[in-house]
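The structure appears right after this line, and notes come after that.
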Amino acid sequence: MNRDEILEGLQTSIETFNIEEAEKYAREAMESGISPDDAINLGLAKGMDTISHLFDEAKIFLPQILMAAKAMEAALEIIEPYMKKGDDVKLKGIIVMGSVKGDIHEIGKNVCCAMLRGAGFKVIDLGTDVSPYDFEKAIEESHADVVGGSALMTTSLYQQKDMVRVFNEDKLPVITIFGGAPCSEEWVQEIGGDGYSASGSEIVDLVRRLLTENSGKQ
């Protein structure tokens, strides 16, 4: 099996939600000398890009996204031991996610968590009705790089503002991202957040960009 066939196999395994095939091609990639970076970015990530587009077009739904993410995670588990420390820092980060206090909606958040996990990030999902202080505790315990707060109701939107206020008051060094139906780019700028994601398909690129920008400032 040549390099192109292996990379195509990795991509297809994600597009078809096939855990066994994802594991098989991940092993083939590592045994044939394909770099972890190429296996992820030229194989697995392309598959997740397809999944993302299909979701945006309403051709697949949350269950399929979760299955694709599981296939991705299975492949990453095999690839991870071959990564150098520098690759691990470049390809991953720790993200705390949750629906804000007073909000029990989580379908959008679950989609975002699945996309981020599928892209190789470690995601800590706090669920729903999460207070700024619960977010803060999880960030401190996990040394998270990014925190995401979802609000699906206008009445809970102000909790995103409280999150930024609490983190700033306690000088917590974390990147803040927000989303949800009543949320907007203008709102996130107004409250001093770092990024806005309108959909699960946008969140991976947003997080990668913010982590890169933040790394450049350090």
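Chain labels A, B, ... are given in the sequence in which chains occur in the structure tokens; within each chain residues are numbered consecutively from 1, and ligands are likewise numbered from 1 in the order shown.
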Next item on the list: Might you pull out every residue within 9 Å of Ser142 (chain A), with only C-alpha atoms counted and same-chain residues fewer than 6 positions away left off, and present them as a list in words?
Entry: Ile94, Ile95, Val96 and Ile124 of chain A
Prev. selection, C-alpha atoms, output as a short mmCIF file (atom, residue, chain, number, x, y, z; two decimals), in the first residue's frame:
```cif
data_model
loop_
_atom_site.label_atom_id
_atom_site.label_comp_id
_atom_site.auth_asym_id
_atom_site.auth_seq_id
_atom_site.Cartn_x
_atom_site.Cartn_y
_atom_site.Cartn_z
CA ILE A 94 -6.83 21.75 26.15
CA ILE A 95 -10.29 23.26 25.83
CA VAL A 96 -12.96 23.60 28.51
CA ILE A 124 -13.33 18.90 28.88
#
```
Next item on the list: Using DSSP on the backbone coordinates, identify all residues within region 35-209 of chain A classified as helix (DSSP H, G or I); present the result as a PyMOL selection string.
Entry: chain A and resi 36-56+62-82+85-91+107-118+132-142+154-156+158-169+185-191+200-209
Check: For Ser32 (chain A), which residue out of A:Leu157, A:Gly149, A:Ile191, A:Asn2 is the nearest one, using only C-alpha atoms?
Finding: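 That would be A:Asn2, the residue with the smallest distance to Ser32 (chain A).
Each of A:Leu42, A:Cys112, A:Ile60, A:Ala71 was compared to Ile14 (chain A) using only C-alpha atoms, and A:Ala71 turns out to be the nearest.
Residues lying within 9 Å of Met48 (chain A), counting only C-alpha atoms and ignoring same-chain neighbours fewer than 5 positions away, are A:Gln11, A:Ile14, A:Glu15, A:His53, A:Ile65, A:Ala68, A:Ala69, A:Met72, A:Met115, A:Gly118, A:Ala119.
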Tell me, as a PDB file with N, CA, C and O atoms, in the first residue's frame, which residues lie within 7 Å of region 108-111 of chain A, counting only C-alpha atoms; anything in the same chain fewer than 2 positions away does not count.
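What ended up in part.pdb:
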```pdb
ATOM      1  N   LEU A  62     -26.014  15.234  14.258  1.00  0.00           N
ATOM      2  CA  LEU A  62     -25.128  15.060  15.412  1.00  0.00           C
ATOM      3  C   LEU A  62     -24.647  13.614  15.613  1.00  0.00           C
ATOM      4  O   LEU A  62     -23.462  13.401  15.871  1.00  0.00           O
ATOM      5  N   GLY A  98     -18.699  24.440  27.839  1.00  0.00           N
ATOM      6  CA  GLY A  98     -19.921  24.282  28.612  1.00  0.00           C
ATOM      7  C   GLY A  98     -20.976  25.271  28.168  1.00  0.00           C
ATOM      8  O   GLY A  98     -20.673  26.286  27.539  1.00  0.00           O
ATOM      9  N   SER A  99     -22.233  24.956  28.480  1.00  0.00           N
ATOM     10  CA  SER A  99     -23.317  25.925  28.313  1.00  0.00           C
ATOM     11  C   SER A  99     -23.378  26.755  29.583  1.00  0.00           C
ATOM     12  O   SER A  99     -23.264  26.216  30.687  1.00  0.00           O
ATOM     13  N   GLU A 106     -27.745  22.109  24.809  1.00  0.00           N
ATOM     14  CA  GLU A 106     -26.360  21.669  24.580  1.00  0.00           C
ATOM     15  C   GLU A 106     -26.094  21.004  23.233  1.00  0.00           C
ATOM     16  O   GLU A 106     -24.996  20.530  23.001  1.00  0.00           O
ATOM     17  N   CYS A 113     -17.870  20.294  20.558  1.00  0.00           N
ATOM     18  CA  CYS A 113     -16.963  19.392  21.282  1.00  0.00           C
ATOM     19  C   CYS A 113     -16.512  18.246  20.385  1.00  0.00           C
ATOM     20  O   CYS A 113     -15.328  17.876  20.380  1.00  0.00           O
ATOM     21  N   ALA A 114     -17.454  17.688  19.613  1.00  0.00           N
ATOM     22  CA  ALA A 114     -17.112  16.578  18.720  1.00  0.00           C
ATOM     23  C   ALA A 114     -16.121  17.023  17.650  1.00  0.00           C
ATOM     24  O   ALA A 114     -15.161  16.309  17.342  1.00  0.00           O
ATOM     25  N   MET A 115     -16.342  18.199  17.081  1.00  0.00           N
ATOM     26  CA  MET A 115     -15.437  18.721  16.041  1.00  0.00           C
ATOM     27  C   MET A 115     -14.034  18.933  16.613  1.00  0.00           C
ATOM     28  O   MET A 115     -13.028  18.603  15.973  1.00  0.00           O
ATOM     29  N   SER A 150     -21.296  28.531  25.720  1.00  0.00           N
ATOM     30  CA  SER A 150     -22.419  28.584  24.782  1.00  0.00           C
ATOM     31  C   SER A 150     -23.667  29.117  25.471  1.00  0.00           C
ATOM     32  O   SER A 150     -23.975  28.727  26.597  1.00  0.00           O
ATOM     33  N   GLY A 200     -20.379  24.691  14.515  1.00  0.00           N
ATOM     34  CA  GLY A 200     -19.373  23.680  14.828  1.00  0.00           C
ATOM     35  C   GLY A 200     -18.301  23.576  13.767  1.00  0.00           C
ATOM     36  O   GLY A 200     -17.150  23.243  14.060  1.00  0.00           O
TER      37      GLY A 200
END
```
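The protein and nucleic acid residues lying at most 10 Å from Leu7 (chain A) are Asn2, Thr12, Ser13, Tyr25, Ala26, Glu28, Ala29, Ile34, Asp38, Ala39, Ile40, Asn41, Leu42, Gly43, Leu44 and Lys46 of chain A, with only C-alpha atoms considered and sequence neighbours fewer than 5 positions away removed.
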Margin query: Excluding Tyr196 (chain A) and its own-chain neighbours fewer than 5 positions away, which residues fall within 8 Å of it when counting only C-alpha atoms? Please give them as JSON, numbers by chain.
Written below: {"A": [177, 178, 179, 184, 185, 188, 206]}
Quick one: write out the picked residues with C-alpha atoms as a compact mmCIF listing (two decimals), in the first residue's frame?
```txt
# COMPACT_ATOMS: atom_id res chain seq x y z
CA ILE A 177 -14.56 31.87 22.80
CA PHE A 178 -18.34 32.13 22.63
CA GLY A 179 -21.29 31.07 20.51
CA SER A 184 -22.65 37.53 17.65
CA GLU A 185 -19.21 38.76 16.64
CA VAL A 188 -18.08 39.02 21.78
CA LEU A 206 -11.03 29.59 15.19
```
Check: Nearest to Asp205 (chain A) among A:Val100, A:Met30, A:Ala45, A:Ile79, with distances taken over only C-alpha atoms: which residue is it?
Finding: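 Result for the nearest residue to Asp205 (chain A): A:Ala45.
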Next item on the list: Based on DSSP run over this structure's backbone, return all residues of region 43-205 of chain A in strand (DSSP E or B), as a ChimeraX atom specification.
Entry: /A:94-100,122-125,130,146-150,175-179,195-196
Margin query: Applying 12 Å and only C-alpha atoms, which residues near region 126-137 of chain A remain after dropping the ones on its own chain fewer than 4 positions away? List them as a PyMOL selection string.
Written below: chain A and resi 95-110+113+141-153+156+158-174+176
Checklist line | Point-to-point distance in Å for CA of Gln64 (chain A) and CA of Glu31 (chain A) | finding: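 Interatomic distance, CA of Glu31 (chain A) to CA of Gln64 (chain A): 29.2 Å.
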Next item on the list: Could you check how far CA of Phe55 (chain A) sits from CA of Ser199 (chain A), in Å to one decimal?
Entry: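 Going from CA of Phe55 (chain A) over to CA of Ser199 (chain A) covers 9.9 Å.
The interatomic distance for the pair CA of Ile203 (chain A) and CA of Ser35 (chain A) works out to 25.3 Å.
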